[in-house]
Structure formats: C-alpha cells, structure tokens
file protein-v8.txt (compact mmCIF, C-alpha atoms)
# COMPACT_ATOMS: atom_id res chain seq x y z
CA MET L 274 64.79 5.82 36.99
CA TRP L 275 67.08 3.72 34.81
CA GLY L 276 69.63 6.51 34.78
CA ARG L 277 69.76 6.56 38.59
CA ALA L 278 70.18 2.79 38.69
CA LEU L 279 72.92 2.85 36.05
CA ALA L 280 74.70 5.52 38.08
CA GLY L 281 75.00 2.99 40.92
CA GLU L 282 71.96 3.80 43.13
CA ASN L 283 69.79 1.07 44.64
CA TYR L 284 66.30 2.24 45.55
CA VAL L 285 62.65 1.22 45.81
CA SER L 286 59.78 2.99 44.07
CA THR L 287 56.11 2.34 44.90
CA GLY L 288 53.48 3.39 42.37
CA GLU L 289 49.71 3.20 42.00
CA PHE L 290 48.32 2.34 38.56
CA GLY L 291 44.93 1.71 36.96
CA ASP L 292 41.92 3.55 35.63
CA PRO L 293 39.91 5.60 38.18
CA GLY L 294 36.80 3.53 37.47
CA ARG L 295 38.50 0.20 38.14
CA ASP L 296 40.25 -1.42 41.08
CA ARG L 297 43.63 0.27 41.38
CA ARG L 298 46.76 -1.84 41.76
CA PHE L 299 49.95 -1.01 43.67
CA TYR L 300 53.38 -2.02 42.41
CA GLU L 301 56.69 -1.90 44.20
CA THR L 302 59.67 -1.67 41.85
CA ARG L 303 63.15 -2.39 43.15
CA PHE L 304 65.96 -0.93 41.02
CA ARG L 305 69.36 -2.53 41.36
CA HIS L 306 72.70 -2.28 39.60
CA LEU L 307 75.57 -4.64 38.83
CA THR L 308 79.10 -4.02 37.60
CA LEU L 309 80.18 -6.70 35.11
CA PRO L 310 83.75 -7.85 34.53
CA GLY L 311 85.47 -5.15 32.59
CA GLY L 312 83.64 -2.38 34.48
CA ARG L 313 80.45 -2.28 32.42
CA ARG L 314 77.38 -1.24 34.52
CA VAL L 315 74.09 -3.07 34.21
CA ALA L 316 70.80 -2.05 35.77
CA TYR L 317 67.76 -4.24 36.34
CA ALA L 318 64.37 -3.85 38.00
CA LEU L 319 61.92 -6.26 39.63
CA SER L 320 58.29 -5.23 40.03
CA TYR L 321 55.91 -6.80 42.55
CA ASP L 322 52.15 -6.49 42.87
CA VAL L 323 51.75 -5.32 46.51
CA THR L 324 48.06 -4.38 46.32
CA PRO L 325 46.91 -6.67 49.20
CA ARG L 326 49.60 -5.26 51.51
CA MET L 327 48.80 -1.64 50.65
CA GLN L 328 45.07 -2.21 51.08
CA GLU L 329 45.71 -3.78 54.48
CA GLN L 330 47.88 -0.83 55.52
CA ARG L 331 45.18 1.64 54.51
CA HIS L 332 42.58 -0.38 56.39
CA LEU L 333 44.77 -0.41 59.52
CA GLN L 334 45.33 3.33 59.22
CA GLN L 335 41.57 3.88 59.08
CA ILE L 336 41.06 1.69 62.16
CA GLU L 337 43.83 3.52 64.06
CA SER L 338 42.30 6.89 63.16
CA GLN L 339 38.88 5.75 64.36
CA LEU L 340 40.41 4.41 67.59
CA ARG L 341 42.25 7.70 68.28
CA GLN L 342 39.03 9.64 67.71
CA ALA L 343 37.13 7.32 70.06
CA GLN L 344 39.83 7.76 72.74
CA LYS L 345 39.65 11.54 72.35
CA MET L 346 35.87 11.50 72.76
CA GLU L 347 36.16 9.22 75.81
CA ALA L 348 38.68 11.61 77.38
CA VAL L 349 36.43 14.60 76.65
CA GLY L 350 33.47 12.74 78.16
CA GLN L 351 35.46 11.87 81.28
CA LEU L 352 36.61 15.48 81.63
CA THR L 353 33.17 17.05 81.16
CA GLY L 354 31.53 14.44 83.40
CA GLY L 355 34.02 15.10 86.19
CA LEU L 356 33.62 18.85 85.80
CA ALA L 357 29.83 18.65 85.87
CA HIS L 358 29.87 16.44 88.98
CA ASP L 359 32.27 18.59 91.00
CA PHE L 360 30.89 21.97 89.96
CA ASN L 361 27.29 20.87 90.55
CA ASN L 362 28.27 19.99 94.12
CA LEU L 363 30.03 23.32 94.58
CA LEU L 364 27.23 25.36 93.00
CA THR L 365 24.71 23.65 95.27
CA GLY L 366 26.77 24.78 98.24
CA VAL L 367 26.95 28.37 96.97
CA MET L 368 23.33 28.71 95.80
CA GLY L 369 21.83 26.85 98.77
CA ASN L 370 23.62 28.95 101.36
CA LEU L 371 22.75 32.19 99.58
CA GLU L 372 19.10 31.16 99.31
CA LEU L 373 18.95 30.40 103.02
CA LEU L 374 20.67 33.72 103.73
CA GLN L 375 18.10 35.56 101.60
CA ARG L 376 15.18 33.88 103.42
CA LYS L 377 16.60 34.73 106.84
CA VAL L 378 17.17 38.38 105.91
CA ALA L 379 13.69 38.68 104.36
CA ALA L 380 12.14 37.27 107.56
CA GLY L 381 14.18 39.66 109.72
CA ARG L 382 16.00 36.79 111.44
CA LEU L 383 19.57 38.11 111.47
CA ASP L 384 21.08 35.73 114.02
CA GLY L 385 23.52 33.07 112.78
CA LEU L 386 23.91 34.49 109.28
CA ASP L 387 27.69 34.03 109.36
CA ARG L 388 27.45 30.29 108.83
CA TYR L 389 25.61 30.73 105.51
CA VAL L 390 28.15 33.29 104.33
CA SER L 391 31.00 30.99 105.39
CA GLY L 392 29.38 28.04 103.62
CA ALA L 393 29.06 29.93 100.34
CA GLN L 394 32.61 31.28 100.59
CA GLY L 395 34.00 27.82 101.33
CA ALA L 396 32.30 26.35 98.26
CA GLY L 397 33.63 29.25 96.19
CA ARG L 398 37.19 28.63 97.40
CA ARG L 399 36.91 24.93 96.52
CA ALA L 400 35.67 25.89 93.06
CA ALA L 401 38.67 28.20 92.66
CA SER L 402 41.00 25.36 93.69
CA LEU L 403 39.34 23.02 91.18
CA THR L 404 39.72 25.59 88.41
CA GLN L 405 43.39 26.08 89.30
CA ARG L 406 44.02 22.34 89.03
CA LEU L 407 42.31 22.22 85.64
CA LEU L 408 44.42 25.14 84.43
CA ALA L 409 47.53 23.35 85.66
CA PHE L 410 46.57 20.23 83.68
CA SER L 411 45.89 22.28 80.54
CA ARG L 412 49.18 24.21 81.04
CA ARG L 413 47.31 27.52 81.23
CA GLN L 414 47.88 28.44 84.87
CA THR L 415 49.63 31.69 85.72
CA LEU L 416 53.16 30.79 86.84
CA ASP L 417 55.66 32.98 88.65
CA PRO L 418 58.99 31.26 87.85
CA LYS L 419 62.14 32.15 89.77
CA PRO L 420 65.58 30.47 90.04
CA THR L 421 65.02 27.91 92.80
CA ASP L 422 67.15 25.65 95.01
CA VAL L 423 65.00 22.48 95.05
CA ASN L 424 66.99 20.87 97.90
CA LEU L 425 66.30 23.88 100.10
CA LEU L 426 62.63 23.95 99.09
CA ALA L 427 62.09 20.24 99.79
CA GLY L 428 64.06 20.38 103.02
CA GLU L 429 61.91 23.18 104.39
CA MET L 430 58.78 21.14 103.58
CA LEU L 431 59.85 18.00 105.44
CA GLU L 432 58.22 18.82 108.77
CA MET L 433 54.90 19.62 107.14
CA LEU L 434 55.09 16.53 104.91
CA ALA L 435 55.85 14.31 107.91
CA ARG L 436 52.71 15.57 109.65
CA THR L 437 50.70 14.99 106.47
CA VAL L 438 51.73 11.36 105.89
CA GLY L 439 51.53 10.44 109.60
CA PRO L 440 53.77 8.55 112.05
CA ALA L 441 53.19 5.12 110.44
CA ILE L 442 55.22 6.15 107.38
CA ALA L 443 58.99 6.66 107.59
CA LEU L 444 59.80 9.78 105.55
CA THR L 445 63.38 10.44 104.40
CA PHE L 446 64.96 13.04 102.14
CA ASP L 447 68.14 12.50 100.13
CA GLY L 448 69.21 15.71 98.41
CA LEU L 449 72.10 15.50 95.96
CA PRO L 450 74.99 17.85 96.89
CA GLY L 451 75.69 20.22 94.02
CA LEU L 452 72.15 19.96 92.69
CA TRP L 453 71.48 22.18 89.67
CA THR L 454 69.20 25.22 89.89
CA VAL L 455 65.83 25.31 88.10
CA ASN L 456 63.67 28.24 87.05
CA ILE L 457 60.18 27.32 88.27
CA ASP L 458 57.19 28.50 90.29
CA ALA L 459 58.23 27.36 93.77
CA ALA L 460 54.68 27.35 95.15
CA GLN L 461 53.48 25.03 92.37
CA LEU L 462 56.42 22.67 92.92
CA GLU L 463 55.57 22.57 96.63
CA ASN L 464 51.95 21.78 95.73
CA SER L 465 53.10 19.00 93.37
CA LEU L 466 55.39 17.48 95.99
CA LEU L 467 52.60 17.55 98.56
CA ASN L 468 50.21 15.82 96.14
CA LEU L 469 52.75 13.07 95.43
CA CYS L 470 53.28 12.45 99.15
CA ILE L 471 49.52 12.30 99.77
CA ASN L 472 49.14 9.75 96.95
CA SER L 473 51.95 7.67 98.46
CA ARG L 474 50.34 7.86 101.92
CA ASP L 475 47.02 6.62 100.50
CA ALA L 476 48.85 3.72 98.83
CA MET L 477 50.30 2.63 102.24
CA PRO L 478 47.30 2.37 104.61
CA ASN L 479 49.28 0.04 106.90
CA GLY L 480 52.42 2.15 106.89
CA GLY L 481 55.67 1.90 104.98
CA SER L 482 58.55 4.04 103.82
CA LEU L 483 58.54 7.16 101.68
CA LYS L 484 61.71 8.63 100.18
CA ILE L 485 62.17 11.97 98.42
CA HIS L 486 65.41 12.27 96.50
CA THR L 487 66.93 14.66 93.97
CA PHE L 488 69.64 14.26 91.36
CA ASN L 489 70.99 15.69 88.11
CA ARG L 490 70.63 13.92 84.79
CA THR L 491 71.70 14.64 81.21
CA LEU L 492 69.27 13.16 78.69
CA SER L 493 70.56 11.85 75.37
CA THR L 494 68.49 12.27 72.22
CA ASP L 495 66.94 8.79 72.56
CA GLU L 496 66.25 9.17 76.30
CA ALA L 497 64.67 12.58 75.77
CA ALA L 498 62.50 11.33 72.90
CA GLU L 499 61.12 8.57 75.13
CA LEU L 500 60.02 11.22 77.64
CA GLU L 501 58.91 13.68 74.92
CA LEU L 502 61.51 16.20 76.10
CA ALA L 503 64.35 18.08 74.45
CA PRO L 504 67.82 16.57 74.97
CA GLY L 505 69.83 18.32 77.66
CA GLU L 506 70.34 18.76 81.39
CA TYR L 507 67.52 18.19 83.85
CA LEU L 508 67.02 18.18 87.60
CA LEU L 509 64.91 15.31 88.93
CA ILE L 510 62.90 15.27 92.14
CA CYS L 511 61.47 11.81 92.83
CA VAL L 512 59.02 10.40 95.38
CA ALA L 513 59.37 6.65 96.00
CA ASP L 514 57.07 4.58 98.22
CA THR L 515 56.61 0.95 99.24
CA GLY L 516 52.86 1.02 98.65
CA SER L 517 50.41 -0.98 96.58
CA GLY L 518 51.82 0.14 93.23
CA MET L 519 50.00 0.59 89.93
CA SER L 520 48.90 -1.71 87.17
CA ARG L 521 50.05 -1.10 83.59
CA GLU L 522 46.60 0.23 82.68
CA THR L 523 46.61 2.64 85.64
CA ILE L 524 50.04 3.96 84.63
CA THR L 525 48.88 4.69 81.07
CA ARG L 526 45.85 6.62 82.38
CA ALA L 527 47.36 8.18 85.50
CA PHE L 528 47.66 11.68 84.05
CA GLU L 529 44.10 11.84 82.70
CA PRO L 530 41.98 14.44 84.53
CA PHE L 531 39.33 12.96 86.85
CA TYR L 532 40.77 9.46 86.49
CA THR L 533 41.19 7.92 89.92
CA THR L 534 41.38 4.44 91.42
CA LYS L 535 40.20 5.70 94.80
CA PRO L 536 36.64 5.12 96.06
CA ILE L 537 34.03 7.77 95.28
CA GLY L 538 34.49 10.81 97.49
CA GLN L 539 38.15 10.06 98.32
CA GLY L 540 39.85 11.75 95.38
CA THR L 541 39.13 14.14 92.54
CA GLY L 542 41.51 12.50 90.07
CA LEU L 543 43.24 15.83 89.43
CA GLY L 544 46.42 15.44 91.50
CA LEU L 545 48.68 13.73 88.95
CA SER L 546 47.16 15.57 85.99
CA MET L 547 47.94 18.86 87.74
CA ILE L 548 51.54 17.76 88.37
CA TYR L 549 51.92 16.67 84.74
CA GLY L 550 50.57 19.98 83.44
CA PHE L 551 52.81 22.03 85.74
CA ALA L 552 55.90 20.07 84.72
CA ARG L 553 55.14 20.37 80.99
CA GLN L 554 54.38 24.09 81.29
CA SER L 555 57.75 24.48 83.04
CA GLY L 556 59.58 22.77 80.17
CA GLY L 557 59.87 19.36 81.85
CA GLY L 558 57.87 16.18 82.30
CA VAL L 559 56.85 13.38 84.66
CA GLN L 560 57.80 9.70 84.64
CA ILE L 561 56.14 6.83 86.54
CA ALA L 562 57.87 3.56 87.45
CA SER L 563 55.60 1.17 89.33
CA GLU L 564 54.67 -2.46 89.82
CA GLU L 565 51.64 -3.83 91.62
CA GLY L 566 52.49 -4.81 95.17
CA ARG L 567 56.00 -3.33 94.98
CA GLY L 568 55.49 0.41 95.26
CA SER L 569 55.83 3.38 92.94
CA THR L 570 58.43 5.98 92.02
CA ILE L 571 57.29 9.19 90.35
CA CYS L 572 59.91 11.64 89.07
CA ILE L 573 59.42 15.24 87.99
CA TYR L 574 61.94 16.39 85.33
CA LEU L 575 62.73 20.11 85.33
CA PRO L 576 65.18 21.79 82.91
CA ARG L 577 68.42 23.11 84.37
CA HIS L 578 68.75 26.86 84.89
CA HIS L 579 72.24 28.36 84.64
CA GLY L 580 72.27 30.91 87.41
CA GLN L 581 72.06 31.41 91.15
CA ALA L 582 68.90 30.47 93.03
CA ALA L 583 66.81 33.27 94.47
CA SER L 584 66.23 33.34 98.20
CA VAL L 585 63.13 31.40 99.25
CA GLN L 586 60.43 33.51 100.86
CA ARG L 587 57.83 31.60 102.82
CA ALA L 588 55.45 34.46 103.41
CA GLU L 589 54.51 37.77 101.86
CA PRO L 590 55.73 40.82 103.76
CA VAL L 591 53.08 42.17 106.09
CA ILE L 592 51.74 45.35 104.55
CA GLN L 593 48.57 46.96 105.79
CA ALA L 594 46.06 47.82 103.06
CA GLY L 595 45.45 51.23 104.58
CA PRO L 596 43.60 54.26 103.23
CA GLY L 597 44.57 55.41 99.78
CA THR L 598 43.92 59.11 100.16
CA GLY L 599 45.47 61.08 97.32
CA CYS L 600 45.96 58.14 94.92
CA THR L 601 43.99 57.77 91.68
CA ILE L 602 43.38 54.37 90.06
CA LEU L 603 42.01 53.48 86.62
CA VAL L 604 40.20 50.11 86.46
CA VAL L 605 39.71 48.42 83.06
CA ASP L 606 37.59 45.25 82.80
CA ASP L 607 34.92 44.24 80.29
CA GLU L 608 33.02 42.19 82.92
CA ALA L 609 30.78 44.75 84.59
CA PRO L 610 30.21 42.76 87.85
CA ILE L 611 33.97 42.38 88.37
CA ARG L 612 34.66 46.01 87.45
CA HIS L 613 32.03 47.25 89.90
CA LEU L 614 33.35 45.01 92.70
CA VAL L 615 36.91 46.28 92.23
CA VAL L 616 35.77 49.91 92.08
CA GLU L 617 33.66 49.55 95.24
CA GLU L 618 36.47 47.86 97.16
CA LEU L 619 38.94 50.58 96.18
CA ASN L 620 36.42 53.27 97.13
CA GLU L 621 36.18 51.61 100.56
CA HIS L 622 39.92 52.25 100.95
CA ARG L 623 39.41 55.90 99.94
CA TYR L 624 41.11 55.78 96.55
CA THR L 625 39.89 57.99 93.73
CA VAL L 626 38.72 55.54 91.07
CA MET L 627 37.91 55.79 87.37
CA SER L 628 36.79 52.84 85.24
CA ALA L 629 36.52 51.76 81.59
CA PRO L 630 35.02 48.67 79.90
CA ASP L 631 37.75 48.24 77.25
CA GLY L 632 41.14 49.41 76.04
CA PRO L 633 40.13 52.22 73.67
CA SER L 634 37.92 53.78 76.37
CA ALA L 635 40.77 53.59 78.87
CA VAL L 636 43.20 55.26 76.47
CA LYS L 637 40.73 58.12 75.94
CA LEU L 638 40.62 58.68 79.71
CA LEU L 639 44.41 58.66 79.86
CA GLU L 640 44.66 61.18 77.03
CA THR L 641 42.62 63.73 79.03
CA GLY L 642 45.74 64.36 81.11
CA ALA L 643 44.14 63.21 84.37
CA ARG L 644 46.56 62.21 87.11
CA ILE L 645 46.59 58.41 87.49
CA ASP L 646 48.89 56.55 89.89
CA LEU L 647 47.92 52.96 89.09
CA LEU L 648 46.32 51.13 86.16
CA ILE L 649 44.42 47.93 87.01
CA THR L 650 43.51 46.07 83.82
CA ASP L 651 42.21 42.68 82.82
CA VAL L 652 44.51 40.96 80.32
CA GLY L 653 41.82 39.58 78.02
CA LEU L 654 39.91 42.63 76.73
CA PRO L 655 37.66 43.11 73.67
CA ASN L 656 37.69 45.73 70.89
CA GLY L 657 41.20 45.31 69.59
CA MET L 658 43.40 45.95 72.64
CA ASN L 659 44.47 43.45 75.27
CA GLY L 660 45.59 44.48 78.73
CA ARG L 661 49.31 44.53 77.90
CA GLN L 662 48.67 46.81 74.92
CA VAL L 663 46.63 49.14 77.15
CA ALA L 664 49.49 49.22 79.67
CA ASP L 665 52.09 49.93 76.97
CA ALA L 666 49.94 52.75 75.54
CA ALA L 667 49.39 54.16 79.02
CA ARG L 668 53.13 54.19 79.76
CA LEU L 669 53.80 56.16 76.61
CA LEU L 670 51.60 58.87 78.13
CA LEU L 671 52.65 58.32 81.77
CA PRO L 672 56.12 56.67 81.83
CA LYS L 673 56.12 56.15 85.61
CA LEU L 674 52.61 54.66 85.76
CA LYS L 675 52.35 51.48 87.84
CA VAL L 676 50.28 48.58 86.47
CA LEU L 677 48.43 45.65 88.00
CA PHE L 678 47.25 42.96 85.57
CA ILE L 679 44.33 40.73 86.60
CA THR L 680 43.80 37.53 84.66
CA GLY L 681 41.80 34.32 84.75
CA TYR L 682 44.50 32.17 83.13
CA ALA L 683 48.03 32.30 81.75
CA GLU L 684 47.61 34.64 78.80
CA THR L 685 51.37 34.49 78.22
CA VAL L 686 51.20 35.85 74.67
CA ALA L 687 49.60 39.08 75.86
CA LEU L 688 51.94 39.32 78.83
CA GLY L 689 55.07 38.73 76.77
CA GLN L 690 55.65 35.21 78.17
CA GLY L 691 55.35 36.56 81.70
CA ASP L 692 58.07 39.17 81.22
CA LEU L 693 56.67 42.03 83.30
CA ALA L 694 58.51 45.32 83.42
CA GLN L 695 59.43 47.11 86.63
CA GLY L 696 56.39 48.56 88.38
CA MET L 697 54.06 45.88 86.99
CA GLY L 698 52.29 43.20 89.04
CA LEU L 699 49.94 40.27 88.44
CA LEU L 700 46.86 39.06 90.33
CA THR L 701 45.11 35.85 89.32
CA LYS L 702 41.32 35.44 89.31
CA PRO L 703 39.46 34.53 91.40
CA PHE L 704 40.92 36.78 94.10
CA GLY L 705 39.63 37.96 97.45
CA LEU L 706 38.95 41.64 97.93
CA ASP L 707 41.40 41.77 100.84
CA ALA L 708 44.08 40.28 98.56
CA LEU L 709 43.28 42.93 95.94
CA ALA L 710 43.61 45.78 98.43
CA LEU L 711 46.89 44.38 99.75
CA LYS L 712 48.31 43.95 96.24
CA VAL L 713 47.34 47.53 95.30
CA ARG L 714 48.97 48.92 98.45
CA THR L 715 52.12 46.86 97.80
CA ILE L 716 52.51 48.12 94.23
CA LEU L 717 51.83 51.73 95.16
CA ASP L 718 54.37 51.57 98.00
CA SER L 719 57.04 49.77 95.96

call {"tool": "encode", "arguments": {"input": "protein-v8.txt", "output": "structure tokens"}}
result
Amino acid sequence: MWGRALAGENYVSTGEFGDPGRDRRFYETRFRHLTLPGGRRVAYALSYDVTPRMQEQRHLQQIESQLRQAQKMEAVGQLTGGLAHDFNNLLTGVMGNLELLQRKVAAGRLDGLDRYVSGAQGAGRRAASLTQRLLAFSRRQTLDPKPTDVNLLAGEMLEMLARTVGPAIALTFDGLPGLWTVNIDAAQLENSLLNLCINSRDAMPNGGSLKIHTFNRTLSTDEAAELELAPGEYLLICVADTGSGMSRETITRAFEPFYTTKPIGQGTGLGLSMIYGFARQSGGGVQIASEEGRGSTICIYLPRHHGQAASVQRAEPVIQAGPGTGCTILVVDDEAPIRHLVVEELNEHRYTVMSAPDGPSAVKLLETGARIDLLITDVGLPNGMNGRQVADAARLLLPKLKVLFITGYAETVALGQGDLAQGMGLLTKPFGLDALALKVRTILDS
C-alpha cells in the first residue's frame, strides 16, 4: 500500500478488523502522496473508524432486500389472484354448458343444443385469448416477425380504429415520411395499437382528441439505459390523448398484469402488460408520459431493421381443406387427448395417419421406410428429443418431408429462434380443428 502511494497514486482502502467473537470494526484508510521541494516523494495515510456508517449501509441493504421480496410476492399474488378469478369464470362457462348439454342428451331432448355448444366454445375462445395475453406479458408468445412498414400498417387500421373510438373522439394519424422499417409480428403490433386506442377512448368519456404518430429516433447510451434498451436506432409509434391522464403511482404499476384502474368488469388489466411484453420480446420497449387531467402519451420503441418491408397481407389466401386422399401424415404429441383429436380430424379429411407419443417412437416409424408426406409434431416432447430434433432426424431420412410444428408457447430455443426452414410451418395452441385442416392443406399444397 505504501509503495503504491509513494509511486504517486491516491486511493481509498476499506478494511474490516476484529476478532470473530467480538464486535467487528470498519476502517477507511485514505492514502495520499506529496512531492516535497527538491522532488522527494512523501506518502501519508489517514484512517477513520467508519463502523456506524457501514452498519447503517448493511441495515439499509437488508431492508431493501426485504422490500424487493415483498414486492415480488405482492406481484405474484396479484397475478395468481387475477388468473384464478378470470379462469374460474371461464371454466364455469365451459363446464356449465357441457353439463346442461349432457343432461339434455341423456333426456333425449335434442332441440336447442347449439346454444350450449356455442356457450362452451365462446368461453374456450376467451380463455385462449387470456392465455395469449399472459404469454405476451411473459415474452413467451409465438411471434411471426417480418419486415414491416409501420406507416402503412397504421394507415390501413385508421378506419377500424375510428369506428372503435367513436365519433366523439377526433382521430388523426401523422406518419413520418422516410420512416424506418422494423422486423416485427404485424398482427401483434396491430393488437397493441388497438389496445392503446381503446385505453385512450376509455380515458375520454366526454370526447377529445387522439393522435397516432410515428418517428425515428437514435438513442444515446444514457437515453437507452433509462429505457433499459441497447443504444441504437429505433422506430417509435406513439398514441397521445387528451384524457384523464395517470397518477405517478399508476404509471409505475401500469405494466403489471391484472392491474387496472377501471371498475370491476370493465377491464382485465392485461392490455398494457401485453403491449409491454410484445415490445420487449421484439427487442424494444414502452414509455409512458402522463399527467393527471392533461392526457397521456404512450410510445412503443421498436429496433430498426435494415431492409425492405414485406408486403402487408390482410387475409390468408382462401384454400379449401379438401380430402387428403393419397397423403400420409405422422402425428407426434405426448398429450394423448390432443394426439387423438388431431388424428381423428385428419381421418375425417381422408388422410392416412400414423401417430407416436414421443420423438424416439416417431423416428422408429420413420426408419421403417414408410411413405410419409407430412410430419406434425409438438415442439415440447419428452424422452430426450424435442420437436425440432425429431424434424431434423426425419429430414435426414426423408429430405423433402414437410413439417408442421404445434406449440403452446414460444419455445424459441427448440425452434432455432423461430428460424424455420423451407417446407416448415407453425400452428399455435389452442387451435380450431378447421384451422388445423386448412394449415395442413396449405403446407401440402405449397
């Protein structure tokens, strides 16, 4: 230490001293140097007893740790409570309608059964939507990113957004000329934009103005750190309203799942959390600027993509899921009810179907030399092989084999970060049987 000070270095050293069985003391030693007339160097050190300060710091650290843990538990409680509430409502709708349907069929009263089927299906669709929002918040949803022109996307939504917010709200769109391209899931950005406009509408019950605008922005290191983003170029799409605004507390909690300031029954509290999760999963973020009584501006940051935007398609091409005579399909899923449903639906369309509960069993079927035109496999499989590994092994045996992955969430590691080879498709659970048949026909005909 003295040698470093004599060499001209000024520094501070903090040490802890004392026997383990006694109160330990903390000392801060400040080493300094002087150069005397004639060039001779002198070093000196001052030591201070800083035990009270160090003990206070440790105490504060313990309190902060306990506070963070309490906040985590509160967030978990809010999440599980919201889930239990919403899913209990949805399960009641499913189970109640099916029970009534069973009673009617058992009694031989077959009139009016459609309404019970419709009721159960409607509750199931709402449950699927709730799950999708939760996956968006947790950044585990299955995304289909493509180079996108955000001005074009927002412009084509204007008519629908105007109908959604109503005639009492003046809606305008200001798209920056020369706006950068982004690589995102266009459908999820549309959903996010719609949610923001609905929130703004609810904040202006007596009418007002709503502006959507886009612009480019380059974030410096400090600016990016404040938003928890990497420095660089970002596209911003912002929704600004003249509504009631948010308090500071509301802003800090706005992205929490199931947190809502709306009355019971008028909001799930998943809109902003879904937007936040989508933006983060896409490499961006969300920023809120608001003041009570003076409106809110919410901006979605999306990283710039260097490349041309793909053409925007508003609807899937109409392809009839016709009979599959002559085509053989191998279905791999460890969930027997799902596997049986898929097999039965494909049989209805006159495909020849084989099935396996896991990857090793599927590979054994493939090694028999049987002709297979399409592999349908779950991504998350047991017994040492995930769906992508099954597909890769299958293509070693059948290089031209087409593959359809089915998944319940974004298993990006297994799917190679979403990088699907030619002849591969993806279908997200839960899916309708009609959607399955259409997807199969599309892949086979591609």

call {"tool": "residues_around", "arguments": {"input": "protein-v8.txt", "residues": "Lys673 (chain L)", "least_positions_apart": "6", "cutoff": "10 Å", "atoms": "only C-alpha atoms", "output": "list in words"}}
result
Ile645, Asp646, Leu647, Ala667, Gln695 and Gly696 of chain L

call {"tool": "atom_distance", "arguments": {"input": "protein-v8.txt", "atom1": "CA of Pro420 (chain L)", "atom2": "CA of Ser493 (chain L)"}}
result
24.2 Å

call {"tool": "residues_around", "arguments": {"input": "protein-v8.txt", "residues": "Ser320 (chain L)", "least_positions_apart": "6", "cutoff": "10 Å", "atoms": "all atoms listed in the file", "output": "PyMOL selection string"}}
result
chain L and resi 285-287+300-304

call {"tool": "closest_residue", "arguments": {"input": "protein-v8.txt", "among": "L:Gly556, L:Gly276, L:Pro630, L:Gly288", "to": "Tyr317 (chain L)", "atoms": "only C-alpha atoms"}}
result
L:Gly276

call {"tool": "atom_distance", "arguments": {"input": "protein-v8.txt", "atom1": "CA of Met519 (chain L)", "atom2": "CA of Gly566 (chain L)"}}
result
7.9 Å

call {"tool": "residues_around", "arguments": {"input": "protein-v8.txt", "residues": "region 378-392 of chain L", "least_positions_apart": "5", "cutoff": "8 Å", "atoms": "all atoms listed in the file", "output": "PyMOL selection string"}}
result
chain L and resi 366-367+370-371+373

call {"tool": "closest_residue", "arguments": {"input": "protein-v8.txt", "among": "L:Val626, L:Ser569, L:Pro504, L:Ser473", "to": "Ser520 (chain L)", "atoms": "only C-alpha atoms"}}
result
L:Ser569

call {"tool": "residues_around", "arguments": {"input": "protein-v8.txt", "residues": "region 654-659 of chain L", "least_positions_apart": "3", "cutoff": "8 Å", "atoms": "only C-alpha atoms", "output": "ChimeraX atom specification"}}
result
/L:606-607,631-633,651,662-663,687

call {"tool": "closest_residue", "arguments": {"input": "protein-v8.txt", "among": "L:Leu449, L:Leu693, L:Leu717, L:Ala400", "to": "Pro418 (chain L)", "atoms": "all atoms listed in the file"}}
result
L:Leu693

call {"tool": "closest_residue", "arguments": {"input": "protein-v8.txt", "among": "L:Thr650, L:Asn479, L:Asn464, L:Gln328", "to": "Met433 (chain L)", "atoms": "all atoms listed in the file"}}
result
L:Asn464

call {"tool": "closest_residue", "arguments": {"input": "protein-v8.txt", "among": "L:Met368, L:Leu483, L:Ala498, L:Leu431", "to": "Gly516 (chain L)", "atoms": "only C-alpha atoms"}}
result
L:Leu483

call {"tool": "closest_residue", "arguments": {"input": "protein-v8.txt", "among": "L:Tyr507, L:Ile679, L:Leu545, L:Arg623", "to": "Thr525 (chain L)", "atoms": "all atoms listed in the file"}}
result
L:Leu545

call {"tool": "atom_distance", "arguments": {"input": "protein-v8.txt", "atom1": "CA of Met697 (chain L)", "atom2": "CA of Asn456 (chain L)"}}
result
20.1 Å

call {"tool": "residues_around", "arguments": {"input": "protein-v8.txt", "residues": "His579 (chain L)", "least_positions_apart": "2", "cutoff": "12 Å", "atoms": "only C-alpha atoms", "output": "ChimeraX atom specification"}}
result
/L:419-422,452-456,506-508,576-577,581-582
